[in-house]
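J.: Hey, dropping work-v5.cif in here, mmCIF, C-alpha atoms:
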data_query
loop_
_atom_site.label_atom_id
_atom_site.label_comp_id
_atom_site.auth_asym_id
_atom_site.auth_seq_id
_atom_site.Cartn_x
_atom_site.Cartn_y
_atom_site.Cartn_z
CA MET A 211 4.74 38.29 -14.04
CA LYS A 212 4.81 41.52 -16.03
CA ILE A 213 6.85 41.40 -19.23
CA ASN A 214 8.77 44.53 -20.22
CA SER A 215 8.25 44.92 -23.97
CA ASP A 216 11.59 46.74 -24.25
CA ASN A 217 13.36 43.51 -23.27
CA SER A 218 11.24 41.07 -25.25
CA ASN A 219 13.87 40.66 -27.99
CA ILE A 220 16.69 39.88 -25.53
CA ASN A 221 17.16 36.20 -24.80
CA LEU A 222 19.65 33.71 -23.39
CA ARG A 223 21.63 33.68 -26.63
CA HIS A 224 22.55 37.34 -26.11
CA LEU A 225 23.55 36.80 -22.49
CA ARG A 226 25.63 33.73 -23.33
CA ALA A 227 27.45 35.76 -26.01
CA ILE A 228 28.58 38.62 -23.77
CA HIS A 229 29.47 36.35 -20.85
CA ALA A 230 31.58 34.13 -23.12
CA ILE A 231 33.45 37.21 -24.43
CA TRP A 232 33.97 38.41 -20.85
CA GLN A 233 35.27 35.02 -19.77
CA GLU A 234 37.43 34.26 -22.84
CA GLY A 235 38.69 37.82 -23.43
CA SER A 236 38.21 37.43 -27.17
CA PHE A 237 35.33 37.42 -29.66
CA VAL A 238 37.00 34.62 -31.62
CA ARG A 239 37.62 32.34 -28.62
CA ALA A 240 34.11 33.07 -27.30
CA ALA A 241 32.63 32.01 -30.65
CA GLU A 242 34.63 28.77 -30.53
CA THR A 243 33.44 28.09 -26.97
CA LEU A 244 29.81 28.61 -27.95
CA GLY A 245 30.16 26.71 -31.23
CA VAL A 246 29.07 29.61 -33.45
CA VAL A 247 30.78 31.61 -36.16
CA PRO A 248 32.32 34.94 -35.03
CA SER A 249 29.93 36.95 -37.18
CA ALA A 250 26.93 35.44 -35.37
CA LEU A 251 28.48 36.33 -32.02
CA THR A 252 29.22 39.87 -33.17
CA GLU A 253 25.63 40.27 -34.37
CA ALA A 254 24.24 39.06 -31.03
CA VAL A 255 26.34 41.65 -29.17
CA ARG A 256 25.31 44.35 -31.63
CA GLN A 257 21.61 43.58 -31.06
CA LEU A 258 22.05 43.72 -27.29
CA GLU A 259 23.98 47.00 -27.45
CA GLU A 260 21.38 48.49 -29.77
CA ASN A 261 18.62 47.50 -27.37
CA ALA A 262 20.57 48.95 -24.43
CA GLY A 263 21.58 52.12 -26.25
CA HIS A 264 25.20 51.82 -25.13
CA ALA A 265 28.32 49.84 -25.94
CA LEU A 266 28.99 46.86 -23.67
CA PHE A 267 32.62 46.34 -24.77
CA ASP A 268 35.41 48.74 -25.69
CA ARG A 269 36.65 47.20 -28.92
CA ARG A 270 39.57 49.61 -29.18
CA LEU A 271 41.32 47.67 -26.43
CA ARG A 272 43.05 44.33 -26.92
CA PRO A 273 41.62 42.19 -25.52
CA PRO A 274 38.26 43.97 -25.60
CA GLN A 275 37.20 45.14 -22.14
CA PRO A 276 33.69 45.68 -20.78
CA THR A 277 32.62 49.30 -20.52
CA ALA A 278 31.54 50.55 -17.11
CA LEU A 279 27.86 49.96 -17.93
CA GLY A 280 28.72 46.68 -19.63
CA LEU A 281 30.58 45.42 -16.55
CA GLN A 282 27.65 46.36 -14.33
CA PHE A 283 25.26 44.46 -16.62
CA LEU A 284 27.57 41.44 -16.72
CA GLU A 285 27.84 41.31 -12.93
CA GLU A 286 24.08 41.68 -12.50
CA THR A 287 23.27 38.92 -15.02
CA ARG A 288 26.03 36.49 -13.99
CA PRO A 289 23.84 34.87 -11.24
CA LEU A 290 21.11 34.30 -13.85
CA VAL A 291 23.43 32.54 -16.29
CA GLU A 292 25.20 30.52 -13.59
CA GLY A 293 21.89 29.62 -11.95
CA LEU A 294 20.49 28.42 -15.27
CA ASP A 295 23.60 26.33 -15.87
CA ARG A 296 23.26 24.71 -12.44
CA ALA A 297 19.56 24.08 -13.02
CA MET A 298 20.27 22.46 -16.39
CA GLN A 299 22.96 20.27 -14.84
CA ARG A 300 20.51 19.12 -12.17
CA LEU A 301 17.83 18.56 -14.81
CA ARG A 302 20.11 16.44 -16.97
CA GLY A 303 21.44 14.60 -13.92
CA GLY A 304 17.92 13.85 -12.74
CA ALA A 305 16.91 12.60 -16.17
CA ARG A 306 19.96 10.28 -16.17
CA LEU A 307 19.19 9.30 -12.55
CA ALA A 308 22.62 10.54 -11.48
CA HIS A 309 20.82 11.82 -8.39
CA GLY A 310 17.28 12.07 -7.08
CA SER A 311 14.99 10.10 -4.81
CA LEU A 312 12.41 7.34 -4.96
CA ALA A 313 9.82 6.69 -2.25
CA ILE A 314 7.82 3.48 -2.53
CA GLY A 315 5.07 2.04 -0.38
CA ALA A 316 4.15 -1.63 -0.14
CA SER A 317 2.05 -3.93 1.93
CA PRO A 318 4.48 -6.29 3.72
CA SER A 319 3.35 -9.32 1.74
CA ALA A 320 4.15 -7.59 -1.58
CA ILE A 321 7.77 -6.80 -0.71
CA SER A 322 9.64 -10.09 -1.12
CA GLY A 323 8.13 -11.38 -4.34
CA ARG A 324 7.47 -8.13 -6.20
CA VAL A 325 9.03 -4.98 -4.80
CA ALA A 326 12.39 -6.27 -3.54
CA PRO A 327 13.58 -7.84 -6.84
CA ALA A 328 12.72 -4.65 -8.76
CA LEU A 329 14.44 -2.52 -6.11
CA ALA A 330 17.57 -4.68 -6.25
CA ALA A 331 17.79 -4.16 -10.02
CA PHE A 332 17.08 -0.43 -9.62
CA ARG A 333 19.80 0.02 -6.99
CA LYS A 334 22.32 -1.82 -9.13
CA ALA A 335 21.61 0.43 -12.10
CA HIS A 336 21.16 3.72 -10.20
CA PRO A 337 23.12 3.61 -6.91
CA ALA A 338 23.13 7.43 -6.52
CA VAL A 339 19.34 7.64 -6.15
CA THR A 340 18.09 7.72 -2.55
CA VAL A 341 15.44 5.04 -2.03
CA THR A 342 12.94 4.82 0.84
CA LEU A 343 10.49 1.95 1.35
CA TYR A 344 7.36 2.36 3.50
CA ASP A 345 5.33 -0.66 4.60
CA ASP A 346 1.79 -0.10 5.82
CA ILE A 347 -1.84 -0.93 5.15
CA ALA A 348 -3.38 0.04 1.80
CA GLU A 349 -5.42 3.02 3.04
CA ARG A 350 -2.44 4.74 4.64
CA LEU A 351 -0.23 4.07 1.65
CA ALA A 352 -2.91 5.46 -0.66
CA THR A 353 -3.03 8.67 1.37
CA LEU A 354 0.75 9.03 1.19
CA VAL A 355 0.66 8.57 -2.59
CA SER A 356 -2.14 11.12 -2.99
CA ASP A 357 -0.31 13.61 -0.75
CA GLY A 358 2.93 13.30 -2.71
CA VAL A 359 4.93 11.62 0.06
CA LEU A 360 5.24 8.42 -1.99
CA ASP A 361 5.89 8.08 -5.72
CA LEU A 362 3.82 4.90 -5.84
CA ALA A 363 2.72 1.92 -3.77
CA ILE A 364 1.89 -1.78 -4.17
CA ALA A 365 -0.98 -2.82 -1.93
CA GLY A 366 -4.54 -4.02 -1.75
CA ARG A 367 -7.33 -1.84 -3.05
CA ALA A 368 -7.84 1.44 -1.20
CA GLY A 369 -10.79 3.81 -1.15
CA THR A 370 -11.45 5.68 -4.37
CA SER A 371 -10.07 9.19 -4.75
CA PRO A 372 -9.74 11.58 -7.72
CA ASP A 373 -6.08 11.98 -6.74
CA LEU A 374 -5.34 8.25 -6.93
CA ALA A 375 -5.08 5.78 -9.81
CA GLN A 376 -5.32 2.08 -8.98
CA VAL A 377 -4.39 -0.61 -11.50
CA GLU A 378 -4.61 -4.32 -10.79
CA ILE A 379 -1.23 -6.07 -11.07
CA GLY A 380 -1.84 -9.50 -9.55
CA ARG A 381 -4.00 -11.87 -7.54
CA ASP A 382 -3.09 -13.94 -4.54
CA PRO A 383 -5.20 -16.83 -3.13
CA PHE A 384 -5.89 -17.18 0.58
CA GLY A 385 -4.87 -20.31 2.44
CA LEU A 386 -3.65 -21.49 5.82
CA ALA A 387 -0.33 -20.36 7.29
CA CYS A 388 1.11 -22.85 9.77
CA ARG A 389 4.40 -24.29 10.94
CA ALA A 390 5.97 -26.70 8.49
CA ASP A 391 5.71 -29.44 11.13
CA HIS A 392 2.03 -28.71 11.92
CA PRO A 393 -0.24 -31.75 11.45
CA LEU A 394 -2.26 -29.94 8.75
CA ALA A 395 0.93 -29.19 6.80
CA LEU A 396 2.21 -32.73 7.15
CA ARG A 397 -0.98 -34.17 5.65
CA GLY A 398 -0.02 -33.11 2.16
CA GLY A 399 -2.56 -31.54 -0.15
CA ALA A 400 -5.40 -29.17 0.65
CA VAL A 401 -7.38 -29.02 3.88
CA HIS A 402 -10.96 -27.88 4.57
CA LEU A 403 -12.28 -25.24 6.94
CA ALA A 404 -13.72 -28.02 9.08
CA ASP A 405 -10.17 -29.28 9.67
CA ILE A 406 -9.11 -25.97 11.25
CA ASP A 407 -9.77 -25.26 14.93
CA PRO A 408 -11.09 -21.66 15.04
CA GLN A 409 -9.51 -21.19 18.46
CA ASP A 410 -6.07 -21.76 16.90
CA LEU A 411 -6.52 -18.92 14.41
CA ILE A 412 -4.45 -15.79 14.95
CA GLN A 413 -6.57 -12.84 13.85
CA LEU A 414 -5.16 -9.75 12.17
CA ASP A 415 -5.92 -6.15 13.06
CA GLY A 416 -9.33 -5.13 11.72
CA ASP A 417 -7.91 -2.10 9.86
CA THR A 418 -5.87 -4.28 7.50
CA GLY A 419 -7.10 -5.15 4.04
CA THR A 420 -6.47 -8.84 4.73
CA GLN A 421 -8.79 -8.92 7.72
CA ARG A 422 -11.44 -6.87 5.91
CA LEU A 423 -11.42 -9.38 3.05
CA LEU A 424 -11.89 -12.25 5.47
CA ALA A 425 -14.67 -10.43 7.35
CA GLY A 426 -16.48 -9.65 4.10
CA HIS A 427 -16.28 -13.16 2.68
CA ALA A 428 -19.73 -14.79 2.80
CA GLY A 429 -18.27 -18.30 2.71
CA LEU A 430 -16.29 -17.92 5.94
CA PRO A 431 -18.24 -18.79 9.12
CA GLU A 432 -18.28 -16.13 11.85
CA VAL A 433 -16.51 -18.46 14.23
CA PHE A 434 -13.33 -18.06 12.17
CA LEU A 435 -13.31 -14.31 12.90
CA ALA A 436 -13.99 -14.42 16.63
CA GLY A 437 -10.77 -15.76 18.12
CA ASN A 438 -9.19 -14.25 21.21
CA LEU A 439 -5.65 -13.98 19.79
CA SER A 440 -4.72 -11.24 17.37
CA ALA A 441 -1.70 -9.41 15.94
CA ARG A 442 -1.30 -5.86 14.66
CA SER A 443 0.65 -6.76 11.51
CA THR A 444 1.31 -9.62 9.12
CA VAL A 445 4.92 -9.81 10.30
CA ALA A 446 3.82 -10.22 13.92
CA GLN A 447 1.20 -12.74 12.86
CA LEU A 448 3.79 -14.83 11.01
CA ALA A 449 6.17 -14.65 13.97
CA LEU A 450 3.45 -16.14 16.18
CA VAL A 451 2.71 -18.85 13.61
CA ARG A 452 6.40 -19.69 13.38
CA ALA A 453 6.60 -19.97 17.17
CA GLY A 454 3.79 -22.51 17.13
CA VAL A 455 1.28 -20.24 18.87
CA GLY A 456 -1.38 -20.85 16.23
CA VAL A 457 -2.28 -20.71 12.55
CA ALA A 458 -3.60 -17.94 10.30
CA LEU A 459 -5.64 -17.39 7.17
CA LEU A 460 -3.47 -15.32 4.84
CA PRO A 461 -2.72 -14.69 1.16
CA ARG A 462 -0.02 -16.95 -0.27
CA GLU A 463 2.51 -14.14 -0.84
CA ALA A 464 2.14 -13.05 2.79
CA VAL A 465 3.03 -16.54 4.04
CA LEU A 466 6.01 -16.70 1.69
CA LEU A 467 7.17 -13.22 2.75
CA PHE A 468 10.55 -14.39 4.09
CA ALA A 469 10.77 -17.71 2.20
CA ASP A 470 11.02 -19.27 5.65
CA PRO A 471 11.26 -23.09 5.51
CA ALA A 472 9.74 -23.21 9.00
CA LEU A 473 6.46 -21.84 7.59
CA ALA A 474 4.05 -23.61 5.25
CA PHE A 475 1.20 -22.43 3.06
CA VAL A 476 -1.63 -24.95 2.84
CA ASP A 477 -4.48 -24.63 0.35
CA VAL A 478 -7.96 -24.54 1.89
CA ALA A 479 -10.24 -26.30 -0.59
CA ASP A 480 -13.48 -24.60 0.47
CA LEU A 481 -12.08 -21.08 0.99
CA ASP A 482 -12.63 -19.38 -2.36
CA LEU A 483 -11.02 -16.05 -1.55
CA THR A 484 -8.38 -14.05 -3.39
CA ARG A 485 -6.51 -10.87 -2.46
CA THR A 486 -5.96 -8.49 -5.39
CA LEU A 487 -2.84 -6.35 -5.48
CA TYR A 488 -2.89 -2.90 -7.07
CA LEU A 489 -0.35 -0.40 -8.26
CA LEU A 490 -1.28 2.89 -6.58
CA GLN A 491 -0.10 6.03 -8.38
CA PRO A 492 -0.99 9.72 -8.29
CA ALA A 493 -3.70 10.51 -10.82
CA ARG A 494 -2.80 14.19 -11.23
CA ARG A 495 0.98 14.20 -10.87
CA PRO A 496 3.44 12.92 -13.48
CA ALA A 497 5.84 10.20 -12.43
CA SER A 498 9.45 11.16 -11.75
CA PRO A 499 12.21 9.61 -13.91
CA ALA A 500 13.13 7.39 -10.94
CA ALA A 501 9.53 6.19 -10.55
CA GLU A 502 9.22 5.53 -14.29
CA ARG A 503 12.40 3.45 -14.25
CA PHE A 504 11.28 1.48 -11.19
CA LEU A 505 7.91 0.73 -12.82
CA THR A 506 9.70 -0.63 -15.89
CA LEU A 507 11.72 -2.98 -13.69
CA LEU A 508 8.64 -3.96 -11.69
CA GLN A 509 6.85 -5.04 -14.86
CA GLU A 510 9.75 -7.04 -16.31
#
Reformat the file's structure so that it appears as structure tokens.
T.:
Amino acid sequence: MKINSDNSNINLRHLRAIHAIWQEGSFVRAAETLGVVPSALTEAVRQLEENAGHALFDRRLRPPQPTALGLQFLEETRPLVEGLDRAMQRLRGGARLAHGSLAIGASPSAISGRVAPALAAFRKAHPAVTVTLYDDIAERLATLVSDGVLDLAIAGRAGTSPDLAQVEIGRDPFGLACRADHPLALRGGAVHLADIDPQDLIQLDGDTGTQRLLAGHAGLPEVFLAGNLSARSTVAQLALVRAGVGVALLPREAVLLFADPALAFVDVADLDLTRTLYLLQPARRPASPAAERFLTLLQE
């Protein structure tokens, strides 16, 4: 943008002065509106008129009236002043969270125990902010955060990217998900892999972080990954478990997703595997006021 040196000494203070006089019809009332002494207002108008080379107000009239050139200048600059006022109102409103939006991503198993309580507190404090929650696998959520679709996400670790910051926020042990009346749940205490029939295991889609962790775990025999029943999501997997179709190897928070008394989480003594949850944030984009407030609530 090219700056005209002739206008470099004219600023918002000068524009506010002449528009206040135009609106109030008096130098004195305009000074009171702006919270300045009349002499300061008079000096601001004098500077502007000197820069323009022409009077902006006819002071012989009572109340003072804009000259023809002054009226033209006032009408041309009114959208600038009004637009700035609207922008400042939106800025202050956004900072107070009187409006705005918040888009969060989460793996399904992170919603109930972590995201939902923070969102409930956020909604209570800031009901005017529009909130959207996306649930998906970590890689897709990470892409949405990097692309600016999401403010942040809570999920397993995603691939590294210069546009993404990942900070560990919790760990979640794997165990067995089964119906509360399943024989392995009724035993009480931990079970062993040898107690689980591999053919009863409901596998999860191979793109999910949960299934990749299981597939990459050296202590899990291949037979536990080769079943002929699978689900595309944790929610579908839990629905099948609840219906008595089979059992599943899942992180604890995933099994407790709905706090369903019909489902049980059973420790597997010889399955030393933990899912790590991360806070995914943009590395090169500052957080919005809404995102900052949500993060504060998430960490409480």
J.: Excluding Gly419 of chain A and any residue of its chain fewer than 6 positions from it, enumerate the residues within 9 Å of it, using all atoms listed in the file, and give them as a CSV table (one decimal) with C-alpha atoms, keeping the file's coordinate frame.
T.:
chain,number,residue,atom,x,y,z
A,347,ILE,CA,-1.8,-0.9,5.2
A,348,ALA,CA,-3.4,0.0,1.8
A,349,GLU,CA,-5.4,3.0,3.0
A,365,ALA,CA,-1.0,-2.8,-1.9
A,366,GLY,CA,-4.5,-4.0,-1.8
A,367,ARG,CA,-7.3,-1.8,-3.0
A,368,ALA,CA,-7.8,1.4,-1.2
A,485,ARG,CA,-6.5,-10.9,-2.5
J.: Evaluate the PyMOL selection byres ((chain A and resi 254) around 12) against this structure - the residues, as a PyMOL selection string, please.
T.: chain A and resi 219-231+237+241+246-253+255-261+266
J.: For segment 399-410 of chain A, please output as a tab-separated table (two decimals) with C-alpha atoms, keeping the file's coordinate frame all residues within 6 Å (counting all atoms listed in the file; exclusion window: fewer than 2 positions along the same chain).
T.:
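Saved result, part_3.tsv, follows:
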chain	number	residue	atom	x	y	z
A	434	PHE	CA	-13.33	-18.06	12.17
A	437	GLY	CA	-10.77	-15.76	18.12
A	456	GLY	CA	-1.38	-20.85	16.23
A	457	VAL	CA	-2.28	-20.71	12.55
A	477	ASP	CA	-4.48	-24.63	0.35
A	478	VAL	CA	-7.96	-24.54	1.89
A	479	ALA	CA	-10.24	-26.30	-0.59
A	480	ASP	CA	-13.48	-24.60	0.47
J.: On this structure, which residues satisfy the PyMOL selection byres ((chain A and resi 271-279) around 12), written as a ChimeraX atom specification?
T.: /A:228-240,255,259,262-270,280-286
J.: Starting from the PyMOL selection byres ((chain A and resi 435) around 8), expand the selection into actual residues of this file and give them as a count of residues only.
T.: 10
J.: How many Å lie between atom CA of Leu290 of chain A and atom CA of Ala497 of chain A, rounded to one decimal?
T.: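 According to the coordinates, atom CA of Leu290 of chain A and atom CA of Ala497 of chain A are separated by 28.6 Å.
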J.: Expressed in Å to a single decimal, how great is the separation between atom CA of Tyr488 of chain A and atom CA of Val341 of chain A?
T.: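 Value for the atom CA of Tyr488 of chain A-atom CA of Val341 of chain A distance: 20.6 Å.
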J.: For Thr342 of chain A, please output as JSON, numbers by chain all residues within 7 Å (counting all atoms listed in the file; exclusion window: fewer than 3 positions along the same chain).
T.: {"A": [312, 313, 314]}
J.: If I take atom CA of Gly358 of chain A and atom CA of Gln491 of chain A, how far is one from the other in Å, to one decimal?
T.: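 We find that atom CA of Gly358 of chain A and atom CA of Gln491 of chain A lie 9.7 Å from each other.
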J.: Point out the residue among A:Leu374, A:Ala493, A:Ala453, A:Ala469 with the least atom-to-atom distance to Arg389 of chain A, counting only C-alpha atoms.
T.: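 Checking each of A:Leu374, A:Ala493, A:Ala453, A:Ala469 against Arg389 of chain A, counting only C-alpha atoms, the winner is A:Ala453.
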J.: Quick one: residues within 12 Å of Arg503 of chain A, only C-alpha atoms, excluding same-chain residues fewer than 3 positions away - as an MDAnalysis selection string?
T.: chainID A and resid 304:307 311:312 328:329 331:333 335:336 339 361 497:500 506:510
J.: So which one's closest to Leu450 of chain A, A:Leu473, A:Gly293, A:Gly310, A:Gly245? Using all atoms listed in the file, please.
T.: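 Nearest candidate to Leu450 of chain A out of A:Leu473, A:Gly293, A:Gly310, A:Gly245: A:Leu473.
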J.: Using all atoms listed in the file, which of A:Ala363, A:Arg452, A:Pro461, A:Asp482 sits nearest Gly429 of chain A?
T.: A:Asp482
J.: Write out as a list in words each polymer residue whose atoms come within 10 Å of Thr418 of chain A, counting all atoms listed in the file; drop sequence neighbours fewer than 2 positions from it.
T.: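 What passes the distance filter is Ser317, Asp346, Ile347, Ala348, Glu349, Gly366, Leu414, Asp415, Gly416, Thr420, Gln421, Arg422, Leu423, Arg442, Ser443 and Thr444 of chain A.
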J.: Nearest to Thr353 of chain A: which of A:Leu244, A:Ala472, A:Leu386, A:Ala375 is it, counting all atoms listed in the file?
T.: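 Ranked by minimum distance to Thr353 of chain A, first place goes to A:Ala375.
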J.: For Glu463 of chain A, which residue among A:Val451, A:Leu487, A:Leu505, A:Leu294 is the nearest when counting only C-alpha atoms?
T.: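 The shortest atom-to-atom distance to Glu463 of chain A comes from A:Leu487.
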J.: Would you mind telling me which residue in A:Pro492, A:Ala441, A:Ala326, A:Asp295 lies nearest to Asp417 of chain A when using only C-alpha atoms?
T.: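 Selected residue with least distance to Asp417 of chain A: A:Ala441.
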J.: Report, as AutoDock Vina command-line options, the centre and edge lengths in Å (one decimal) of the axis-aligned box enclosing every listed atom of segment 240-254 of chain A, padded by 6 Å on each side.
T.:
--center_x 29.4 --center_y 33.5 --center_z -32.1 --size_x 22.4 --size_y 25.6 --size_z 22.2
